[in-house]
Amino acid sequence: MEPVRHDAMRARNLELVLGEISRGGPLTRAALAELTGLTKSTVSTLVGSLLDAGLLAETAAVRAGERGRPGVEVSLSGGRIASLGLEANVDYLAACVLDLTGTVRRSVRIERDNRAVPAETVLAAVRELASSELAEARELGLTVAGAVFAVSGPVRDGVVLSAPNLGWRNVPVELDLPVPVSVDNEANLGALGELWFGAGSADFLYVSGEIGIGAGLVVDSRLFRGTGGELGHVLVSPAGPPCRCGAVGCLETYAGQEAMLTAAGVSTVDALSTALSTGDDATLSAVKAAGEALGLALASAVNLVDVDRVVLGGVFGPLFPWLAPAAEAVLRARLTGLRGSVPVLNPSVLGDSAATLGAAGRTIHQVLADPGPFLVR
């Protein structure tokens, strides 16, 4: 039993050291000993192992005081370990290679219509994109520790249960890549992207506005798994138009990307933004109606989960100046009497890259929590 206890303690200590560096930036060995409560000799041994593995790099020497030799700071190294984030959405595929420092080394987006395309065909395209990015990562000298695949629908045990806008139901995801692969809901991963790389606070609801509309909830700086995330299928009007999910009057039929474009009489989000900026009445009216519908759905969500901050991502980001006022007005009308205040609405700073960043970031966080498999034996 002794080796097991020793290995477990070493793994915990490695996590402590990497955690302090990832949160606090470059630190000397002496500072790490003080922060972690480990002995200086233990810290020196752990840092040596992490340097040998290429997970840390030595930086500048610093002098804390007048006496003694200056300490040498160590920081996370982006030279060896990386992760791959993948996404298949209704009208595009995307990939992102992230190194251990959280730096984006590659980012690719391929516009393509995935509706009415067999799931196996879309997955083959994702596999091809992933294989290409893995090869590019190798050219950069990076070892990809794993891949996470984002898809716009609820996921359980590697199976996409339902993605109405893609036409998927009970689709197992098997990409057959030479690295470990997991799959998760796009909005959940977008929420993690916002938490780790955006302006995310400890608690917020992230809303992903695409052709479909998803939501991810972050509580105490952790993704909360107890919600379905399908905000787009919250009922807005029982007499509303039919939705691809089989119901009627869903938020998606009022505030989804296609719904807004159709109502405004334009074909692209760029055209919609241009028309809005010129004050086109029809376009302003269409986006205002979408904002009001979004406000109704958000009021229901806030009554349920009681958040004080909502981050609007995806297409809602660039449309925020025109969409948010209508949503805020509905929130004030429906929530002030109960809560005394309404949640703050903010646009995501990550645009359409939130989900792929969150997907790639999840593997990076796993490596930081358990670097043992990547140490030199």
# chains A, B, ... in the order shown; residues from 1 in each chain; ligands from 1

$ closest_atom_pairs --of "stretch 110-149 of chain A" --to "stretch 182-205 of chain A" --cutoff "9 Å" --atoms "only C-alpha atoms" --output "CSV"
residue,atom,partner,partner_atom,distance
A:Gly146,CA,A:Ser182,CA,8.3
A:Ala147,CA,A:Ser182,CA,6.6
A:Val148,CA,A:Ser182,CA,4.9
A:Phe149,CA,A:Val183,CA,4.6

$ residues_around --residues "A:Thr28" --least-positions-apart "6" --cutoff "6 Å" --atoms "only C-alpha atoms" --output "PyMOL selection string"
chain A and resi 71-73

$ closest_residue --among "A:Gly25, A:Gly85, A:Gly317, A:Gly158" --to "A:Pro172" --atoms "only C-alpha atoms"
A:Gly158

$ residues_around --residues "A:Ser277" --least-positions-apart "4" --cutoff "12 Å" --atoms "only C-alpha atoms" --output "PyMOL selection string"
chain A and resi 270-273+281+283-284+318-322

$ closest_atom_pairs --of "stretch 254-343 of chain A" --to "stretch 210-234 of chain A" --cutoff "12 Å" --atoms "only C-alpha atoms" --output "tab-separated table"
residue	atom	partner	partner_atom	distance
A:Tyr254	CA	A:Gly232	CA	9.3
A:Ala255	CA	A:Ile213	CA	8.2
A:Gly256	CA	A:Ile211	CA	4.9
A:Gln257	CA	A:Ile211	CA	4.5
A:Glu258	CA	A:Ile211	CA	5.7
A:Ala259	CA	A:Ile211	CA	7.9
A:Met260	CA	A:Ile211	CA	9.4
A:Leu261	CA	A:Ile211	CA	10.1
A:Thr262	CA	A:Ile211	CA	11.7
A:Thr268	CA	A:Ile211	CA	11.8
A:Val269	CA	A:Glu210	CA	10.4
A:Ala290	CA	A:Gly232	CA	11.9
A:Ala293	CA	A:Val234	CA	10.1
A:Leu294	CA	A:Gly232	CA	9.0
A:Gly295	CA	A:Val234	CA	11.4
A:Leu296	CA	A:Val234	CA	9.2
A:Ala297	CA	A:Val234	CA	6.2
A:Leu298	CA	A:Leu231	CA	8.3
A:Ala299	CA	A:Val234	CA	10.8
A:Ser300	CA	A:Val234	CA	8.4
A:Ala301	CA	A:Leu231	CA	8.1
A:Val302	CA	A:Leu217	CA	10.9
A:Leu304	CA	A:Thr227	CA	10.4
A:Val305	CA	A:Leu217	CA	8.7
A:Asp306	CA	A:Val219	CA	10.7
A:Val307	CA	A:Leu217	CA	8.9
A:Asp308	CA	A:Val219	CA	11.1
A:Arg309	CA	A:Val218	CA	10.2
A:Val310	CA	A:Leu217	CA	9.4
A:Val311	CA	A:Ala215	CA	9.6
A:Leu312	CA	A:Ala215	CA	9.4
A:Gly313	CA	A:Glu210	CA	8.6
A:Gly314	CA	A:Glu210	CA	5.8
A:Val315	CA	A:Glu210	CA	5.8
A:Phe316	CA	A:Glu210	CA	7.9
A:Gly317	CA	A:Glu210	CA	10.4
A:Pro318	CA	A:Glu210	CA	11.8
A:Leu319	CA	A:Glu210	CA	11.8

$ write_last_selection --atoms "N, CA, C and O atoms" --output "compact mmCIF listing (two decimals), in the first residue's frame"
# COMPACT_ATOMS: atom_id res chain seq x y z
N TYR A 254 -38.29 32.54 -32.41
CA TYR A 254 -38.37 33.99 -32.36
C TYR A 254 -37.00 34.66 -32.35
O TYR A 254 -36.82 35.73 -32.95
N ALA A 255 -36.04 34.05 -31.64
CA ALA A 255 -34.75 34.72 -31.43
C ALA A 255 -33.57 33.93 -31.96
O ALA A 255 -32.42 34.36 -31.79
N GLY A 256 -33.79 32.78 -32.58
CA GLY A 256 -32.69 32.07 -33.22
C GLY A 256 -32.18 32.85 -34.42
O GLY A 256 -32.87 33.72 -34.96
N GLN A 257 -30.98 32.54 -34.84
CA GLN A 257 -30.36 33.28 -35.94
C GLN A 257 -31.24 33.29 -37.19
O GLN A 257 -31.48 34.36 -37.78
N GLU A 258 -31.72 32.14 -37.61
CA GLU A 258 -32.54 32.08 -38.82
C GLU A 258 -33.84 32.85 -38.66
O GLU A 258 -34.30 33.52 -39.59
N ALA A 259 -34.43 32.76 -37.47
CA ALA A 259 -35.69 33.48 -37.23
C ALA A 259 -35.50 34.98 -37.35
O ALA A 259 -36.32 35.69 -37.96
N MET A 260 -34.40 35.50 -36.80
CA MET A 260 -34.14 36.94 -36.89
C MET A 260 -33.86 37.37 -38.32
O MET A 260 -34.34 38.41 -38.78
N LEU A 261 -33.06 36.59 -39.04
CA LEU A 261 -32.74 36.94 -40.42
C LEU A 261 -34.00 36.95 -41.29
O LEU A 261 -34.19 37.85 -42.11
N THR A 262 -34.85 35.96 -41.10
CA THR A 262 -36.08 35.89 -41.88
C THR A 262 -36.99 37.07 -41.57
O THR A 262 -37.55 37.71 -42.47
N THR A 268 -27.69 37.33 -44.01
CA THR A 268 -26.51 37.07 -43.19
C THR A 268 -26.53 37.95 -41.94
O THR A 268 -27.20 39.00 -41.91
N VAL A 269 -25.78 37.52 -40.94
CA VAL A 269 -25.67 38.31 -39.71
C VAL A 269 -24.97 39.63 -39.98
O VAL A 269 -25.34 40.67 -39.41
N ALA A 290 -37.19 39.86 -31.20
CA ALA A 290 -36.34 38.76 -30.74
C ALA A 290 -35.85 39.01 -29.32
O ALA A 290 -35.81 38.11 -28.48
N ALA A 293 -38.63 38.30 -26.83
CA ALA A 293 -38.79 36.86 -26.64
C ALA A 293 -37.66 36.30 -25.77
O ALA A 293 -37.89 35.46 -24.88
N LEU A 294 -36.45 36.77 -26.02
CA LEU A 294 -35.31 36.33 -25.21
C LEU A 294 -35.51 36.74 -23.76
O LEU A 294 -35.22 35.97 -22.83
N GLY A 295 -36.03 37.95 -23.54
CA GLY A 295 -36.28 38.41 -22.18
C GLY A 295 -37.28 37.52 -21.46
O GLY A 295 -37.11 37.22 -20.27
N LEU A 296 -38.31 37.07 -22.17
CA LEU A 296 -39.30 36.17 -21.55
C LEU A 296 -38.64 34.86 -21.12
O LEU A 296 -38.87 34.36 -20.01
N ALA A 297 -37.84 34.27 -22.01
CA ALA A 297 -37.17 33.01 -21.67
C ALA A 297 -36.17 33.19 -20.53
O ALA A 297 -36.07 32.35 -19.64
N LEU A 298 -35.44 34.30 -20.56
CA LEU A 298 -34.47 34.56 -19.51
C LEU A 298 -35.16 34.78 -18.16
O LEU A 298 -34.64 34.38 -17.12
N ALA A 299 -36.31 35.42 -18.18
CA ALA A 299 -37.04 35.63 -16.92
C ALA A 299 -37.40 34.29 -16.29
O ALA A 299 -37.28 34.11 -15.07
N SER A 300 -37.82 33.33 -17.11
CA SER A 300 -38.12 32.00 -16.58
C SER A 300 -36.87 31.35 -16.02
O SER A 300 -36.90 30.74 -14.95
N ALA A 301 -35.75 31.49 -16.76
CA ALA A 301 -34.49 30.88 -16.30
C ALA A 301 -34.02 31.51 -15.00
O ALA A 301 -33.59 30.81 -14.07
N VAL A 302 -34.13 32.82 -14.90
CA VAL A 302 -33.66 33.52 -13.69
C VAL A 302 -34.54 33.17 -12.49
O VAL A 302 -34.06 32.99 -11.37
N LEU A 304 -35.81 30.42 -12.00
CA LEU A 304 -35.46 29.05 -11.63
C LEU A 304 -34.09 28.96 -10.97
O LEU A 304 -33.94 28.31 -9.93
N VAL A 305 -33.08 29.62 -11.54
CA VAL A 305 -31.70 29.43 -11.05
C VAL A 305 -31.14 30.64 -10.33
O VAL A 305 -30.05 30.58 -9.77
N ASP A 306 -31.85 31.80 -10.36
CA ASP A 306 -31.49 32.95 -9.53
C ASP A 306 -30.06 33.43 -9.76
O ASP A 306 -29.25 33.52 -8.83
N VAL A 307 -29.73 33.75 -11.02
CA VAL A 307 -28.41 34.30 -11.32
C VAL A 307 -28.49 35.82 -11.40
O VAL A 307 -29.55 36.39 -11.66
N ASP A 308 -27.36 36.47 -11.17
CA ASP A 308 -27.28 37.93 -11.24
C ASP A 308 -26.58 38.43 -12.48
O ASP A 308 -26.45 39.64 -12.68
N ARG A 309 -26.11 37.49 -13.31
CA ARG A 309 -25.38 37.90 -14.51
C ARG A 309 -25.69 36.92 -15.64
O ARG A 309 -25.68 35.70 -15.44
N VAL A 310 -25.97 37.47 -16.81
CA VAL A 310 -26.22 36.67 -18.00
C VAL A 310 -25.27 37.16 -19.09
O VAL A 310 -25.20 38.35 -19.38
N VAL A 311 -24.54 36.23 -19.68
CA VAL A 311 -23.61 36.55 -20.77
C VAL A 311 -24.21 36.04 -22.07
O VAL A 311 -24.54 34.86 -22.20
N LEU A 312 -24.36 36.93 -23.03
CA LEU A 312 -24.96 36.59 -24.31
C LEU A 312 -23.85 36.37 -25.34
O LEU A 312 -23.09 37.28 -25.65
N GLY A 313 -23.78 35.14 -25.85
CA GLY A 313 -22.72 34.80 -26.78
C GLY A 313 -23.25 34.43 -28.15
O GLY A 313 -24.43 34.55 -28.44
N GLY A 314 -22.35 33.94 -29.00
CA GLY A 314 -22.71 33.61 -30.36
C GLY A 314 -23.17 34.85 -31.12
O GLY A 314 -22.60 35.93 -30.97
N VAL A 315 -24.22 34.71 -31.91
CA VAL A 315 -24.72 35.83 -32.70
C VAL A 315 -25.28 36.94 -31.82
O VAL A 315 -25.35 38.10 -32.24
N PHE A 316 -25.66 36.60 -30.59
CA PHE A 316 -26.19 37.63 -29.69
C PHE A 316 -25.11 38.66 -29.32
O PHE A 316 -25.44 39.78 -28.93
N GLY A 317 -23.83 38.28 -29.41
CA GLY A 317 -22.76 39.21 -29.08
C GLY A 317 -22.75 40.44 -29.96
O GLY A 317 -22.89 41.59 -29.49
N PRO A 318 -22.59 40.26 -31.30
CA PRO A 318 -22.57 41.45 -32.18
C PRO A 318 -23.90 42.18 -32.24
O PRO A 318 -23.94 43.37 -32.57
N LEU A 319 -25.00 41.50 -31.92
CA LEU A 319 -26.32 42.15 -31.95
C LEU A 319 -26.70 42.74 -30.60
O LEU A 319 -27.79 43.31 -30.47

$ select_by_dssp --residues "stretch 136-223 of chain A" --states "helix (DSSP H, G or I)" --output "PyMOL selection string"
chain A and resi 136-139+186-197

$ write_last_selection --atoms "C-alpha atoms" --output "PDB file, in the first residue's frame"
ATOM      1  CA  GLU A 136      -0.311  20.806 -37.660  1.00  0.00           C
ATOM      2  CA  ALA A 137       0.185  20.561 -33.893  1.00  0.00           C
ATOM      3  CA  ARG A 138       2.908  17.954 -34.386  1.00  0.00           C
ATOM      4  CA  GLU A 139       4.631  20.314 -36.826  1.00  0.00           C
ATOM      5  CA  GLU A 186     -21.842  23.294 -27.118  1.00  0.00           C
ATOM      6  CA  ALA A 187     -23.435  25.720 -24.657  1.00  0.00           C
ATOM      7  CA  ASN A 188     -21.823  23.993 -21.673  1.00  0.00           C
ATOM      8  CA  LEU A 189     -18.423  24.285 -23.320  1.00  0.00           C
ATOM      9  CA  GLY A 190     -19.164  27.886 -24.323  1.00  0.00           C
ATOM     10  CA  ALA A 191     -19.848  28.652 -20.665  1.00  0.00           C
ATOM     11  CA  LEU A 192     -16.471  27.138 -19.733  1.00  0.00           C
ATOM     12  CA  GLY A 193     -14.808  29.155 -22.486  1.00  0.00           C
ATOM     13  CA  GLU A 194     -16.334  32.317 -21.082  1.00  0.00           C
ATOM     14  CA  LEU A 195     -15.291  31.363 -17.546  1.00  0.00           C
ATOM     15  CA  TRP A 196     -11.675  30.611 -18.426  1.00  0.00           C
ATOM     16  CA  PHE A 197     -10.932  32.955 -21.329  1.00  0.00           C
TER      17      PHE A 197
END

$ select_by_dssp --residues "stretch 62-181 of chain A" --states "strand (DSSP E)" --output "ChimeraX atom specification"
/A:62,71-76,81-88,92-99,104-111,143-151,155-156,159-163,168-172,181

$ write_last_selection --atoms "N, CA and C atoms" --output "compact mmCIF listing (two decimals), in the first residue's frame"
# COMPACT_ATOMS: atom_id res chain seq x y z
N VAL A 62 14.89 36.62 -10.12
CA VAL A 62 14.40 37.76 -9.35
C VAL A 62 15.06 37.76 -7.99
N GLY A 71 16.36 34.20 -6.87
CA GLY A 71 15.61 33.01 -7.25
C GLY A 71 15.26 33.05 -8.72
N VAL A 72 15.08 31.88 -9.31
CA VAL A 72 14.69 31.78 -10.72
C VAL A 72 13.21 31.41 -10.78
N GLU A 73 12.46 32.21 -11.47
CA GLU A 73 11.03 31.95 -11.60
C GLU A 73 10.76 30.84 -12.62
N VAL A 74 9.70 30.10 -12.38
CA VAL A 74 9.25 29.10 -13.34
C VAL A 74 7.81 29.44 -13.73
N SER A 75 7.47 29.14 -14.97
CA SER A 75 6.12 29.42 -15.47
C SER A 75 5.66 28.25 -16.33
N LEU A 76 4.38 28.22 -16.63
CA LEU A 76 3.88 27.19 -17.54
C LEU A 76 4.57 27.33 -18.89
N ILE A 81 2.87 20.50 -24.39
CA ILE A 81 1.54 19.92 -24.27
C ILE A 81 0.48 20.87 -24.85
N ALA A 82 -0.47 20.30 -25.57
CA ALA A 82 -1.56 21.08 -26.14
C ALA A 82 -2.84 20.27 -26.09
N SER A 83 -3.94 20.92 -26.48
CA SER A 83 -5.23 20.24 -26.52
C SER A 83 -5.96 20.68 -27.79
N LEU A 84 -6.97 19.91 -28.15
CA LEU A 84 -7.73 20.18 -29.37
C LEU A 84 -9.20 20.35 -29.02
N GLY A 85 -9.76 21.49 -29.40
CA GLY A 85 -11.19 21.71 -29.27
C GLY A 85 -11.84 21.61 -30.63
N LEU A 86 -12.96 20.92 -30.70
CA LEU A 86 -13.68 20.71 -31.96
C LEU A 86 -15.14 21.11 -31.78
N GLU A 87 -15.77 21.56 -32.86
CA GLU A 87 -17.18 21.90 -32.80
C GLU A 87 -17.84 21.62 -34.13
N ALA A 88 -19.04 21.02 -34.08
CA ALA A 88 -19.90 20.89 -35.25
C ALA A 88 -21.20 21.60 -34.94
N TYR A 92 -21.43 25.40 -39.56
CA TYR A 92 -19.97 25.45 -39.62
C TYR A 92 -19.35 24.31 -38.81
N LEU A 93 -18.07 24.07 -39.10
CA LEU A 93 -17.20 23.23 -38.27
C LEU A 93 -16.08 24.12 -37.78
N ALA A 94 -15.54 23.82 -36.61
CA ALA A 94 -14.46 24.65 -36.07
C ALA A 94 -13.50 23.78 -35.27
N ALA A 95 -12.26 24.26 -35.18
CA ALA A 95 -11.23 23.58 -34.39
C ALA A 95 -10.31 24.62 -33.79
N CYS A 96 -9.72 24.26 -32.65
CA CYS A 96 -8.82 25.16 -31.95
C CYS A 96 -7.75 24.33 -31.24
N VAL A 97 -6.49 24.69 -31.44
CA VAL A 97 -5.37 24.06 -30.72
C VAL A 97 -4.89 25.06 -29.68
N LEU A 98 -4.86 24.59 -28.43
CA LEU A 98 -4.50 25.44 -27.30
C LEU A 98 -3.31 24.84 -26.59
N ASP A 99 -2.29 25.64 -26.27
CA ASP A 99 -1.18 25.08 -25.52
C ASP A 99 -1.41 25.21 -24.02
N VAL A 104 -3.76 30.31 -27.90
CA VAL A 104 -4.29 29.68 -29.10
C VAL A 104 -3.18 29.56 -30.14
N ARG A 105 -2.84 28.34 -30.50
CA ARG A 105 -1.79 28.11 -31.49
C ARG A 105 -2.36 27.96 -32.91
N ARG A 106 -3.58 27.46 -32.99
CA ARG A 106 -4.26 27.37 -34.28
C ARG A 106 -5.77 27.52 -34.05
N SER A 107 -6.44 28.12 -35.03
CA SER A 107 -7.88 28.27 -34.98
C SER A 107 -8.42 28.21 -36.40
N VAL A 108 -9.37 27.32 -36.63
CA VAL A 108 -9.92 27.11 -37.97
C VAL A 108 -11.43 27.07 -37.89
N ARG A 109 -12.09 27.71 -38.84
CA ARG A 109 -13.55 27.65 -38.96
C ARG A 109 -13.89 27.41 -40.42
N ILE A 110 -14.72 26.41 -40.67
CA ILE A 110 -15.12 26.04 -42.03
C ILE A 110 -16.63 26.23 -42.15
N GLU A 111 -17.04 27.16 -43.01
CA GLU A 111 -18.46 27.38 -43.21
C GLU A 111 -19.02 26.25 -44.07
N THR A 143 2.47 18.01 -28.34
CA THR A 143 1.80 16.74 -28.10
C THR A 143 0.39 17.03 -27.62
N VAL A 144 -0.60 16.63 -28.38
CA VAL A 144 -1.99 16.89 -28.03
C VAL A 144 -2.44 15.84 -27.01
N ALA A 145 -2.83 16.31 -25.85
CA ALA A 145 -3.20 15.41 -24.75
C ALA A 145 -4.59 14.83 -24.91
N GLY A 146 -5.45 15.50 -25.65
CA GLY A 146 -6.81 15.01 -25.83
C GLY A 146 -7.63 16.00 -26.62
N ALA A 147 -8.82 15.55 -27.03
CA ALA A 147 -9.74 16.40 -27.78
C ALA A 147 -11.10 16.36 -27.14
N VAL A 148 -11.80 17.48 -27.18
CA VAL A 148 -13.18 17.57 -26.72
C VAL A 148 -14.00 18.14 -27.87
N PHE A 149 -15.12 17.49 -28.15
CA PHE A 149 -15.96 17.80 -29.30
C PHE A 149 -17.26 18.43 -28.81
N ALA A 150 -17.56 19.64 -29.30
CA ALA A 150 -18.77 20.36 -28.92
C ALA A 150 -19.83 20.17 -29.99
N VAL A 151 -21.05 19.86 -29.55
CA VAL A 151 -22.16 19.69 -30.49
C VAL A 151 -23.40 20.32 -29.90
N VAL A 155 -26.06 15.72 -24.46
CA VAL A 155 -25.15 14.59 -24.64
C VAL A 155 -25.15 13.75 -23.37
N ARG A 156 -25.11 12.44 -23.56
CA ARG A 156 -24.98 11.55 -22.40
C ARG A 156 -24.12 10.35 -22.81
N VAL A 159 -23.07 10.00 -26.39
CA VAL A 159 -24.14 9.92 -27.39
C VAL A 159 -24.89 11.25 -27.43
N VAL A 160 -25.04 11.81 -28.64
CA VAL A 160 -25.85 13.02 -28.81
C VAL A 160 -27.31 12.58 -28.82
N LEU A 161 -28.02 12.94 -27.77
CA LEU A 161 -29.39 12.45 -27.63
C LEU A 161 -30.33 13.07 -28.65
N SER A 162 -30.19 14.38 -28.85
CA SER A 162 -31.05 15.06 -29.79
C SER A 162 -30.44 16.39 -30.19
N ALA A 163 -30.30 16.60 -31.49
CA ALA A 163 -29.87 17.89 -32.02
C ALA A 163 -30.80 18.21 -33.19
N TRP A 168 -30.10 15.15 -35.75
CA TRP A 168 -29.47 14.01 -35.07
C TRP A 168 -30.35 13.55 -33.91
N ARG A 169 -30.42 12.24 -33.74
CA ARG A 169 -31.07 11.68 -32.56
C ARG A 169 -30.36 10.39 -32.19
N ASN A 170 -29.91 10.33 -30.93
CA ASN A 170 -29.21 9.15 -30.41
C ASN A 170 -28.03 8.76 -31.32
N VAL A 171 -27.17 9.72 -31.56
CA VAL A 171 -26.00 9.52 -32.42
C VAL A 171 -24.76 9.30 -31.56
N PRO A 172 -24.17 8.11 -31.58
CA PRO A 172 -22.90 7.91 -30.87
C PRO A 172 -21.76 8.61 -31.60
N VAL A 181 -10.88 11.24 -26.86
CA VAL A 181 -11.91 12.18 -27.32
C VAL A 181 -13.13 12.07 -26.42

$ residues_around --residues "A:Asn165" --least-positions-apart "2" --cutoff "10 Å" --atoms "only C-alpha atoms" --output "list in words"
Asn89, Val90, Asp91, Asn114, Arg115, Ala116, Ser152, Gly153, Ser162, Ala163, Gly167, Trp168, Ile211, Gly212, Cys243, Arg244 and Cys245 of chain A

$ write_last_selection --atoms "all heavy atoms" --output "tab-separated table (two decimals), in the first residue's frame"
chain	number	residue	atom	x	y	z
A	89	ASN	N	-21.46	22.69	-35.65
A	89	ASN	CA	-22.72	23.40	-35.47
A	89	ASN	C	-23.51	23.31	-36.76
A	89	ASN	O	-23.09	22.67	-37.72
A	89	ASN	CB	-22.46	24.85	-35.06
A	89	ASN	CG	-23.49	25.35	-34.06
A	89	ASN	OD1	-24.69	25.28	-34.32
A	89	ASN	ND2	-23.04	25.85	-32.92
A	90	VAL	N	-24.63	23.96	-36.80
A	90	VAL	CA	-25.53	23.79	-37.94
A	90	VAL	C	-24.91	24.28	-39.23
A	90	VAL	O	-25.06	23.65	-40.28
A	90	VAL	CB	-26.86	24.54	-37.66
A	90	VAL	CG1	-27.80	24.42	-38.86
A	90	VAL	CG2	-27.52	23.99	-36.41
A	91	ASP	N	-24.18	25.39	-39.16
A	91	ASP	CA	-23.66	25.98	-40.39
A	91	ASP	C	-22.14	26.13	-40.42
A	91	ASP	O	-21.61	26.88	-41.23
A	91	ASP	CB	-24.31	27.34	-40.65
A	91	ASP	CG	-24.23	28.28	-39.46
A	91	ASP	OD1	-23.73	27.86	-38.39
A	91	ASP	OD2	-24.66	29.44	-39.58
A	114	ASN	N	-24.68	21.91	-42.42
A	114	ASN	CA	-24.74	20.54	-41.93
A	114	ASN	C	-26.17	20.02	-41.75
A	114	ASN	O	-26.36	18.90	-41.29
A	114	ASN	CB	-23.99	20.43	-40.60
A	114	ASN	CG	-22.50	20.69	-40.77
A	114	ASN	OD1	-21.88	20.13	-41.65
A	114	ASN	ND2	-21.95	21.54	-39.92
A	115	ARG	N	-27.16	20.83	-42.13
A	115	ARG	CA	-28.54	20.39	-42.03
A	115	ARG	C	-28.84	19.35	-43.11
A	115	ARG	O	-28.36	19.44	-44.24
A	115	ARG	CB	-29.49	21.58	-42.19
A	115	ARG	CG	-29.56	22.47	-40.97
A	115	ARG	CD	-30.23	23.78	-41.26
A	115	ARG	NE	-29.38	24.61	-42.13
A	115	ARG	CZ	-29.53	25.93	-42.25
A	115	ARG	NH1	-30.48	26.53	-41.59
A	115	ARG	NH2	-28.74	26.63	-43.02
A	116	ALA	N	-29.63	18.39	-42.75
A	116	ALA	CA	-30.06	17.33	-43.67
A	116	ALA	C	-28.87	16.54	-44.21
A	116	ALA	O	-29.00	15.85	-45.23
A	116	ALA	CB	-30.87	17.92	-44.83
A	152	SER	N	-24.27	20.83	-30.76
A	152	SER	CA	-25.42	21.62	-30.29
A	152	SER	C	-26.61	20.73	-29.95
A	152	SER	O	-27.60	20.68	-30.68
A	152	SER	CB	-25.83	22.65	-31.36
A	152	SER	OG	-26.04	22.00	-32.62
A	153	GLY	N	-26.49	20.02	-28.85
A	153	GLY	CA	-27.57	19.18	-28.38
A	153	GLY	C	-27.17	18.51	-27.07
A	153	GLY	O	-25.98	18.46	-26.74
A	162	SER	N	-30.19	14.38	-28.85
A	162	SER	CA	-31.05	15.06	-29.79
A	162	SER	C	-30.44	16.39	-30.19
A	162	SER	O	-30.09	17.19	-29.33
A	162	SER	CB	-32.44	15.29	-29.19
A	162	SER	OG	-33.26	16.01	-30.07
A	163	ALA	N	-30.30	16.60	-31.49
A	163	ALA	CA	-29.87	17.89	-32.02
A	163	ALA	C	-30.80	18.21	-33.19
A	163	ALA	O	-30.50	17.92	-34.35
A	163	ALA	CB	-28.41	17.82	-32.48
A	167	GLY	N	-30.65	17.45	-37.14
A	167	GLY	CA	-31.38	16.24	-37.51
A	167	GLY	C	-30.80	15.00	-36.87
A	167	GLY	O	-31.01	13.89	-37.38
A	168	TRP	N	-30.10	15.15	-35.75
A	168	TRP	CA	-29.47	14.01	-35.07
A	168	TRP	C	-30.35	13.55	-33.91
A	168	TRP	O	-30.91	14.35	-33.17
A	168	TRP	CB	-28.10	14.39	-34.52
A	168	TRP	CG	-27.06	14.71	-35.53
A	168	TRP	CD1	-27.23	14.92	-36.87
A	168	TRP	CD2	-25.67	14.89	-35.28
A	168	TRP	NE1	-26.04	15.22	-37.47
A	168	TRP	CE2	-25.05	15.21	-36.52
A	168	TRP	CE3	-24.88	14.82	-34.14
A	168	TRP	CZ2	-23.69	15.45	-36.64
A	168	TRP	CZ3	-23.52	15.07	-34.25
A	168	TRP	CH2	-22.92	15.37	-35.50
A	211	ILE	N	-28.22	29.30	-34.65
A	211	ILE	CA	-29.50	28.92	-35.23
A	211	ILE	C	-30.37	28.32	-34.13
A	211	ILE	O	-31.56	28.56	-34.04
A	211	ILE	CB	-29.29	27.96	-36.41
A	211	ILE	CG1	-28.65	28.73	-37.57
A	211	ILE	CG2	-30.61	27.32	-36.84
A	211	ILE	CD1	-28.26	27.89	-38.75
A	212	GLY	N	-29.75	27.53	-33.25
A	212	GLY	CA	-30.38	27.10	-32.02
A	212	GLY	C	-29.87	27.97	-30.87
A	212	GLY	O	-28.93	28.74	-31.03
A	243	CYS	N	-41.64	24.49	-34.18
A	243	CYS	CA	-40.19	24.40	-34.00
A	243	CYS	C	-39.70	23.05	-34.50
A	243	CYS	O	-40.46	22.06	-34.53
A	243	CYS	CB	-39.85	24.58	-32.51
A	243	CYS	SG	-38.08	24.51	-32.13
A	244	ARG	N	-38.42	22.97	-34.84
A	244	ARG	CA	-37.85	21.70	-35.31
A	244	ARG	C	-37.88	20.62	-34.25
A	244	ARG	O	-37.77	19.43	-34.56
A	244	ARG	CB	-36.41	21.92	-35.78
A	244	ARG	CG	-36.28	22.68	-37.08
A	244	ARG	CD	-34.84	22.67	-37.57
A	244	ARG	NE	-34.68	23.42	-38.81
A	244	ARG	CZ	-34.36	24.71	-38.88
A	244	ARG	NH1	-34.17	25.37	-37.75
A	244	ARG	NH2	-34.23	25.32	-40.03
A	245	CYS	N	-38.03	21.01	-32.99
A	245	CYS	CA	-38.07	20.02	-31.91
A	245	CYS	C	-39.40	19.28	-31.86
A	245	CYS	O	-39.54	18.29	-31.15
A	245	CYS	CB	-37.78	20.67	-30.57
A	245	CYS	SG	-39.15	21.68	-29.93

$ atom_distance --atom1 "atom CA of A:Val17" --atom2 "atom CA of A:Phe374"
15.1 Å

$ residues_around --residues "A:Arg332" --least-positions-apart "2" --cutoff "10 Å" --atoms "only C-alpha atoms" --output "PyMOL selection string"
chain A and resi 295+299+327-330+334-337+339-343
